[in-house]
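Accompanying notes for the structure given below.
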Amino acid sequence: MVVKVLILVQDRIFTDALATWLDAESDVRVVAALHDRVQSPSVLSASQANVMLLDADLPDDSALRVCQECSARGGSPKVVMLSQSSEPWRIVRAMRSGAVGWVRKDESLERLRDVIYAVASGETCLPPGQTGDVLRLLLHGGDQDEADSGCALAALTPREREVLMCLTEGTGRRDMATHLQMSPNTVRTHLQNLMGKLGVHSALEAVALTRSQEGNRPLVGRPSQLW
């Protein structure tokens with residue numbers, strides 16, 4: 001699979017260098033490299049990109065609005081934020097707007113390439129060492145009503161609950177497919193469906209929402225196929 005990438009970064013030199021490097025990868029094709037947020041709506045419609053590398057440091061919350069535009073299009077393309085910093089609260093704001101990845105601009109190109117492949121396959125990628133802090137903010141800093149969250153979890157099908165339980169236990173998607181005896185594509189479908197029902201944009205948010213409810217009621221049954 002060739003991953004089609006759209007770049008929107010305000011630094012022209014950085015953008016051009018990044019586009020040149022990514023185009024040299026056999027499994028990546030840069031479909032557009034933009035420097036101006038105003039260009040993004042028309043390019044989004046025409047590019048059919050799988051992944052968008054978006055400058056989180058754009059002024060006036062422009063990056064969050066672009067994330068929301070992508071989310072309104074059904075989460076396509078998947079948004080990876082590029083930033084000079086990685087404060088957990090900024091990552092949480094981006095995730096709530098629809099981003100599924102965050103990479104510091106000073107990280108290696110190899111790390112960025114790995115993140116691109118991972119999010120194109122449905123994964124969520126955070127800076128190393130940041131997952132715990134981001135989860136804590138998602139758990140305790142949200143404004144969702146607990147009753148509404150519980151109802152959403154209770155509305156999941158048994159199969160969706162099994163997939164969600166695997167997520168909360170840290171099971172990767174390939175192992176999940178093996179344990180639950182389903183294809184990776186079916187796992188992806190269940191993930192997309194359960195995230196839609198829970199009103200979240202990433203698997204990490206789904207885990208945080210589930211853990212916030214664990215002390216209230218047994219919302220998710222343990223999948224027997226795992227044991």
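Letters A, B, ... go to the chains of the structure tokens in the order shown; residues in each chain start at 1; ligands are counted from 1 in the same order.
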Could you please write out, as number ranges by chain, every residue of range 32-182 of chain A that DSSP assigns to helix (DSSP H, G or I)?
A: 37-47, 62-72, 88-97, 109-120, 131-140, 146-154, 158-168, 173-180
Show which residues sit within 8 Å of range 102-112 of chain A, as a short mmCIF file (atom, residue, chain, number, x, y, z; two decimals) with C-alpha atoms, in the first residue's frame. Count only C-alpha atoms, and ignore same-chain residues fewer than 6 positions away.
data_model
loop_
_atom_site.label_atom_id
_atom_site.label_comp_id
_atom_site.auth_asym_id
_atom_site.auth_seq_id
_atom_site.Cartn_x
_atom_site.Cartn_y
_atom_site.Cartn_z
CA VAL A 80 -0.47 13.84 12.54
CA MET A 81 0.52 17.04 14.32
CA LEU A 82 4.09 18.35 13.98
CA SER A 83 5.24 20.72 16.71
CA GLN A 84 8.27 22.24 18.39
CA SER A 85 6.94 21.01 21.76
CA SER A 86 4.82 18.20 23.19
CA ILE A 91 -1.83 16.86 22.57
CA CYS A 125 0.93 7.61 17.99
CA LEU A 126 2.19 9.88 20.76
CA PRO A 127 5.69 11.13 21.64
#
Taking only C-alpha atoms into account, name the residue in A:Arg136, A:Arg73, A:His35, A:Arg93 that is nearest to Ala208 in chain A.
A:Arg136
Proximity to Val163 in chain A - best of A:Ser121, A:Ser26, A:Ser76, A:Thr210, only C-alpha atoms
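Smallest separation from Val163 in chain A among the options: A:Thr210.
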Tell me which protein, DNA and RNA residues are within 12 Å of range 8-19 of chain A, counting only C-alpha atoms, leaving out same-chain ones fewer than 3 positions away, and put them as a count of residues only.
48
Mind pulling up the distance from CA of Glu69 in chain A to CA of Val207 in chain A?
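These two atoms are separated by 24.0 Å.
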Identify, with DSSP run on backbone atoms, the residues in range 55-101 of chain A assigned to strand (DSSP E or B), and express the list as a ChimeraX atom specification.
/A:55,78-83,101
Using only C-alpha atoms, please write the residues we just selected to a file, as a tab-separated table (two decimals), in the first residue's frame.
chain	number	residue	atom	x	y	z
A	55	ASP	CA	1.79	22.16	11.71
A	78	LYS	CA	-5.62	10.93	9.39
A	79	VAL	CA	-3.96	13.93	11.03
A	80	VAL	CA	-0.47	13.84	12.54
A	81	MET	CA	0.52	17.04	14.32
A	82	LEU	CA	4.09	18.35	13.98
A	83	SER	CA	5.24	20.72	16.71
A	101	GLY	CA	-0.61	11.42	16.05
